[in-house]
Amino acid sequence: MVTEISLNTICGHTTKIIATKEGKNTNIHIKTTCEKLRKWGTKFDMGMKDLMGGPDTVLAQKSAENPLTPTCLVPAAVMNACWLENGMISKNLARELGKMEIIFDKLE
């Protein structure tokens with residue numbers, strides 16, 4: 001199976017995350033216009049221990065080596081793609097919902 005998530009963010013960059021489960025690992029492929037994110041590498045694997053978060057995970061190491069802005073949604077989107085691909089979030093629910101949003105309700 002495959003999970004694809006697209007992001008159009010306030011920074012103006014576009015990113016597509018493609019997750020594919022192979023055995024015990026989830027292969028991540030990132031296509032992005034963000035130079036900072038490209039420094040993470042466009043392809044990497046995440047094991048089951050990486051899906052629980054924490055300081056010793058692939059995402060934590062990548063963030064430490066090449067920090068993104070604190071408001072970047074890509075790390076959360078990578079985790080969502082992995083969780084979807086590993087059955088930890090329902091793909092049917094995600095299809096039904098269609099998108100997740102941050103809504104700026106009031107800005108004065």
# chains A, B, ... in the order shown; residues from 1 in each chain; ligands from 1
$ closest_atom_pairs --of "range 28-97 of chain A" --to "range 20-24 of chain A" --cutoff "12 Å" --atoms "only C-alpha atoms" --output "tab-separated table"
residue	atom	partner	partner_atom	distance
A:Ile28	CA	A:Thr20	CA	6.8
A:His29	CA	A:Thr20	CA	8.6
A:Ile30	CA	A:Thr20	CA	11.7
A:Lys43	CA	A:Thr20	CA	11.2
A:Phe44	CA	A:Thr20	CA	10.9
A:Asp45	CA	A:Lys21	CA	9.4
A:Met46	CA	A:Lys24	CA	8.8
A:Gly47	CA	A:Lys24	CA	6.3
A:Met48	CA	A:Lys24	CA	6.8
A:Lys49	CA	A:Lys24	CA	10.1
A:Asp50	CA	A:Lys24	CA	11.2
A:Leu51	CA	A:Lys24	CA	11.4
A:Val78	CA	A:Thr20	CA	11.5
A:Ala81	CA	A:Thr20	CA	8.8
A:Cys82	CA	A:Lys21	CA	8.1
A:Trp83	CA	A:Lys21	CA	10.2
A:Leu84	CA	A:Lys21	CA	9.9
A:Glu85	CA	A:Lys21	CA	6.1
A:Asn86	CA	A:Lys21	CA	7.0
A:Gly87	CA	A:Lys21	CA	10.2
$ write_last_selection --atoms "N, CA, C and O atoms" --output "PDB file, in the first residue's frame"
ATOM      1  N   ILE A  28      10.049   6.469   3.537  1.00  0.00           N
ATOM      2  CA  ILE A  28       9.554   7.833   3.361  1.00  0.00           C
ATOM      3  C   ILE A  28      10.279   8.464   2.182  1.00  0.00           C
ATOM      4  O   ILE A  28      11.509   8.397   2.095  1.00  0.00           O
ATOM      5  N   HIS A  29       9.517   9.071   1.288  1.00  0.00           N
ATOM      6  CA  HIS A  29      10.067   9.827   0.165  1.00  0.00           C
ATOM      7  C   HIS A  29       9.429  11.210   0.238  1.00  0.00           C
ATOM      8  O   HIS A  29       8.205  11.321   0.269  1.00  0.00           O
ATOM      9  N   ILE A  30      10.271  12.241   0.297  1.00  0.00           N
ATOM     10  CA  ILE A  30       9.773  13.607   0.397  1.00  0.00           C
ATOM     11  C   ILE A  30      10.129  14.374  -0.864  1.00  0.00           C
ATOM     12  O   ILE A  30      11.291  14.413  -1.262  1.00  0.00           O
ATOM     13  N   LYS A  43      14.866  10.625   0.891  1.00  0.00           N
ATOM     14  CA  LYS A  43      14.412   9.246   1.153  1.00  0.00           C
ATOM     15  C   LYS A  43      15.066   8.735   2.425  1.00  0.00           C
ATOM     16  O   LYS A  43      16.274   8.881   2.615  1.00  0.00           O
ATOM     17  N   PHE A  44      14.239   8.161   3.305  1.00  0.00           N
ATOM     18  CA  PHE A  44      14.749   7.529   4.519  1.00  0.00           C
ATOM     19  C   PHE A  44      13.713   6.542   5.038  1.00  0.00           C
ATOM     20  O   PHE A  44      12.559   6.553   4.605  1.00  0.00           O
ATOM     21  N   ASP A  45      14.139   5.677   5.933  1.00  0.00           N
ATOM     22  CA  ASP A  45      13.256   4.665   6.512  1.00  0.00           C
ATOM     23  C   ASP A  45      12.943   5.004   7.958  1.00  0.00           C
ATOM     24  O   ASP A  45      13.778   5.565   8.677  1.00  0.00           O
ATOM     25  N   MET A  46      11.746   4.624   8.382  1.00  0.00           N
ATOM     26  CA  MET A  46      11.341   4.762   9.774  1.00  0.00           C
ATOM     27  C   MET A  46      10.920   3.385  10.278  1.00  0.00           C
ATOM     28  O   MET A  46      10.090   2.723   9.653  1.00  0.00           O
ATOM     29  N   GLY A  47      11.523   2.964  11.387  1.00  0.00           N
ATOM     30  CA  GLY A  47      11.158   1.702  12.025  1.00  0.00           C
ATOM     31  C   GLY A  47      10.029   1.913  13.011  1.00  0.00           C
ATOM     32  O   GLY A  47       9.602   3.038  13.273  1.00  0.00           O
ATOM     33  N   MET A  48       9.571   0.827  13.593  1.00  0.00           N
ATOM     34  CA  MET A  48       8.445   0.916  14.535  1.00  0.00           C
ATOM     35  C   MET A  48       8.776   1.802  15.736  1.00  0.00           C
ATOM     36  O   MET A  48       7.923   2.529  16.216  1.00  0.00           O
ATOM     37  N   LYS A  49      10.019   1.776  16.228  1.00  0.00           N
ATOM     38  CA  LYS A  49      10.365   2.616  17.383  1.00  0.00           C
ATOM     39  C   LYS A  49      10.266   4.097  17.037  1.00  0.00           C
ATOM     40  O   LYS A  49       9.978   4.924  17.896  1.00  0.00           O
ATOM     41  N   ASP A  50      10.467   4.429  15.763  1.00  0.00           N
ATOM     42  CA  ASP A  50      10.388   5.824  15.321  1.00  0.00           C
ATOM     43  C   ASP A  50       8.961   6.356  15.321  1.00  0.00           C
ATOM     44  O   ASP A  50       8.747   7.564  15.373  1.00  0.00           O
ATOM     45  N   LEU A  51       7.989   5.457  15.254  1.00  0.00           N
ATOM     46  CA  LEU A  51       6.592   5.875  15.181  1.00  0.00           C
ATOM     47  C   LEU A  51       6.032   6.340  16.523  1.00  0.00           C
ATOM     48  O   LEU A  51       4.968   6.932  16.574  1.00  0.00           O
ATOM     49  N   VAL A  78       4.753  13.677   8.280  1.00  0.00           N
ATOM     50  CA  VAL A  78       5.506  12.421   8.130  1.00  0.00           C
ATOM     51  C   VAL A  78       4.977  11.390   9.119  1.00  0.00           C
ATOM     52  O   VAL A  78       4.745  10.226   8.761  1.00  0.00           O
ATOM     53  N   ALA A  81       1.596  10.122   7.997  1.00  0.00           N
ATOM     54  CA  ALA A  81       1.740   9.195   6.870  1.00  0.00           C
ATOM     55  C   ALA A  81       2.186   7.821   7.366  1.00  0.00           C
ATOM     56  O   ALA A  81       1.665   6.792   6.928  1.00  0.00           O
ATOM     57  N   CYS A  82       3.143   7.796   8.289  1.00  0.00           N
ATOM     58  CA  CYS A  82       3.617   6.525   8.845  1.00  0.00           C
ATOM     59  C   CYS A  82       2.518   5.815   9.627  1.00  0.00           C
ATOM     60  O   CYS A  82       2.336   4.603   9.494  1.00  0.00           O
ATOM     61  N   TRP A  83       1.812   6.565  10.448  1.00  0.00           N
ATOM     62  CA  TRP A  83       0.737   5.956  11.233  1.00  0.00           C
ATOM     63  C   TRP A  83      -0.360   5.412  10.321  1.00  0.00           C
ATOM     64  O   TRP A  83      -0.882   4.323  10.552  1.00  0.00           O
ATOM     65  N   LEU A  84      -0.711   6.143   9.275  1.00  0.00           N
ATOM     66  CA  LEU A  84      -1.695   5.649   8.307  1.00  0.00           C
ATOM     67  C   LEU A  84      -1.203   4.370   7.645  1.00  0.00           C
ATOM     68  O   LEU A  84      -1.948   3.393   7.521  1.00  0.00           O
ATOM     69  N   GLU A  85       0.037   4.380   7.245  1.00  0.00           N
ATOM     70  CA  GLU A  85       0.599   3.243   6.517  1.00  0.00           C
ATOM     71  C   GLU A  85       0.723   2.003   7.400  1.00  0.00           C
ATOM     72  O   GLU A  85       0.709   0.882   6.905  1.00  0.00           O
ATOM     73  N   ASN A  86       0.825   2.197   8.709  1.00  0.00           N
ATOM     74  CA  ASN A  86       0.965   1.080   9.643  1.00  0.00           C
ATOM     75  C   ASN A  86      -0.337   0.722  10.352  1.00  0.00           C
ATOM     76  O   ASN A  86      -0.337  -0.042  11.310  1.00  0.00           O
ATOM     77  N   GLY A  87      -1.455   1.292   9.904  1.00  0.00           N
ATOM     78  CA  GLY A  87      -2.749   0.940  10.454  1.00  0.00           C
ATOM     79  C   GLY A  87      -3.027   1.534  11.825  1.00  0.00           C
ATOM     80  O   GLY A  87      -3.941   1.100  12.529  1.00  0.00           O
TER      81      GLY A  87
END
$ residues_around --residues "range 65-76 of chain A" --least-positions-apart "2" --cutoff "9 Å" --atoms "only C-alpha atoms" --output "NGL selection string"
:A and (7 or 9 or 11 or 15 or 17 or 36-37 or 39-40 or 59-63 or 78-81)
$ atom_distance --atom1 "CA of Ala94 in chain A" --atom2 "CA of Ile10 in chain A"
22.5 Å
$ select_by_dssp --residues "range 13-101 of chain A" --states "alpha helix (DSSP H)" --output "mmCIF file with N, CA and C atoms, in the first residue's frame"
data_model
loop_
_atom_site.group_PDB
_atom_site.id
_atom_site.type_symbol
_atom_site.label_atom_id
_atom_site.label_comp_id
_atom_site.auth_asym_id
_atom_site.auth_seq_id
_atom_site.Cartn_x
_atom_site.Cartn_y
_atom_site.Cartn_z
ATOM 1 N N GLU A 35 14.393 24.112 0.724
ATOM 2 C CA GLU A 35 15.812 23.753 0.777
ATOM 3 C C GLU A 35 16.195 23.185 2.149
ATOM 4 N N LYS A 36 15.650 23.743 3.228
ATOM 5 C CA LYS A 36 15.952 23.227 4.568
ATOM 6 C C LYS A 36 15.511 21.775 4.706
ATOM 7 N N LEU A 37 14.340 21.486 4.190
ATOM 8 C CA LEU A 37 13.810 20.131 4.275
ATOM 9 C C LEU A 37 14.605 19.163 3.394
ATOM 10 N N ARG A 38 15.094 19.636 2.278
ATOM 11 C CA ARG A 38 15.910 18.776 1.406
ATOM 12 C C ARG A 38 17.176 18.303 2.110
ATOM 13 N N VAL A 58 14.356 8.764 14.179
ATOM 14 C CA VAL A 58 14.879 9.315 12.928
ATOM 15 C C VAL A 58 14.504 10.790 12.789
ATOM 16 N N LEU A 59 13.239 11.136 13.056
ATOM 17 C CA LEU A 59 12.814 12.531 12.920
ATOM 18 C C LEU A 59 13.535 13.442 13.910
ATOM 19 N N ALA A 60 13.752 12.974 15.134
ATOM 20 C CA ALA A 60 14.462 13.779 16.131
ATOM 21 C C ALA A 60 15.902 14.018 15.686
ATOM 22 N N GLN A 61 16.545 12.992 15.136
ATOM 23 C CA GLN A 61 17.923 13.143 14.661
ATOM 24 C C GLN A 61 17.990 14.102 13.482
ATOM 25 N N LYS A 62 17.076 13.961 12.543
ATOM 26 C CA LYS A 62 17.057 14.854 11.385
ATOM 27 C C LYS A 62 16.796 16.294 11.818
ATOM 28 N N SER A 63 15.888 16.481 12.773
ATOM 29 C CA SER A 63 15.579 17.821 13.269
ATOM 30 C C SER A 63 16.771 18.437 13.999
ATOM 31 N N ALA A 64 17.517 17.618 14.712
ATOM 32 C CA ALA A 64 18.693 18.124 15.436
ATOM 33 C C ALA A 64 19.805 18.524 14.461
ATOM 34 N N GLU A 65 19.992 17.725 13.419
ATOM 35 C CA GLU A 65 21.058 17.986 12.442
ATOM 36 C C GLU A 65 20.720 19.135 11.505
ATOM 37 N N VAL A 74 5.682 19.667 8.418
ATOM 38 C CA VAL A 74 6.179 18.461 7.753
ATOM 39 C C VAL A 74 6.455 17.318 8.728
ATOM 40 N N PRO A 75 7.142 17.537 9.860
ATOM 41 C CA PRO A 75 7.362 16.397 10.763
ATOM 42 C C PRO A 75 6.062 15.723 11.199
ATOM 43 N N ALA A 76 5.042 16.503 11.507
ATOM 44 C CA ALA A 76 3.750 15.921 11.889
ATOM 45 C C ALA A 76 3.117 15.176 10.718
ATOM 46 N N ALA A 77 3.263 15.703 9.515
ATOM 47 C CA ALA A 77 2.708 15.033 8.336
ATOM 48 C C ALA A 77 3.436 13.712 8.067
ATOM 49 N N VAL A 78 4.753 13.677 8.280
ATOM 50 C CA VAL A 78 5.506 12.421 8.130
ATOM 51 C C VAL A 78 4.977 11.390 9.119
ATOM 52 N N MET A 79 4.769 11.809 10.365
ATOM 53 C CA MET A 79 4.250 10.877 11.372
ATOM 54 C C MET A 79 2.849 10.394 11.001
ATOM 55 N N ASN A 80 1.995 11.300 10.518
ATOM 56 C CA ASN A 80 0.650 10.891 10.104
ATOM 57 C C ASN A 80 0.717 9.892 8.957
ATOM 58 N N ALA A 81 1.596 10.122 7.997
ATOM 59 C CA ALA A 81 1.740 9.195 6.870
ATOM 60 C C ALA A 81 2.186 7.821 7.366
ATOM 61 N N CYS A 82 3.143 7.796 8.289
ATOM 62 C CA CYS A 82 3.617 6.525 8.845
ATOM 63 C C CYS A 82 2.518 5.815 9.627
ATOM 64 N N TRP A 83 1.812 6.565 10.448
ATOM 65 C CA TRP A 83 0.737 5.956 11.233
ATOM 66 C C TRP A 83 -0.360 5.412 10.321
ATOM 67 N N LEU A 84 -0.711 6.143 9.275
ATOM 68 C CA LEU A 84 -1.695 5.649 8.307
ATOM 69 C C LEU A 84 -1.203 4.370 7.645
ATOM 70 N N GLU A 85 0.037 4.380 7.245
ATOM 71 C CA GLU A 85 0.599 3.243 6.517
ATOM 72 C C GLU A 85 0.723 2.003 7.400
ATOM 73 N N LYS A 91 -7.305 4.550 7.484
ATOM 74 C CA LYS A 91 -7.283 5.168 6.148
ATOM 75 C C LYS A 91 -8.693 5.549 5.708
ATOM 76 N N ASN A 92 -9.698 4.775 6.123
ATOM 77 C CA ASN A 92 -11.082 5.122 5.790
ATOM 78 C C ASN A 92 -11.471 6.447 6.432
ATOM 79 N N LEU A 93 -11.084 6.643 7.685
ATOM 80 C CA LEU A 93 -11.373 7.903 8.367
ATOM 81 C C LEU A 93 -10.655 9.059 7.675
ATOM 82 N N ALA A 94 -9.393 8.854 7.307
ATOM 83 C CA ALA A 94 -8.625 9.904 6.624
ATOM 84 C C ALA A 94 -9.250 10.245 5.272
ATOM 85 N N ARG A 95 -9.684 9.219 4.531
ATOM 86 C CA ARG A 95 -10.352 9.467 3.244
ATOM 87 C C ARG A 95 -11.633 10.267 3.442
ATOM 88 N N GLU A 96 -12.395 9.898 4.453
ATOM 89 C CA GLU A 96 -13.664 10.581 4.740
ATOM 90 C C GLU A 96 -13.421 12.037 5.142
ATOM 91 N N LEU A 97 -12.431 12.257 5.979
ATOM 92 C CA LEU A 97 -12.108 13.609 6.432
ATOM 93 C C LEU A 97 -11.510 14.436 5.301
#
$ closest_residue --among "A:Ile103, A:Gly41, A:Gly53, A:Ile5" --to "Ala19 in chain A" --atoms "only C-alpha atoms"
A:Ile5
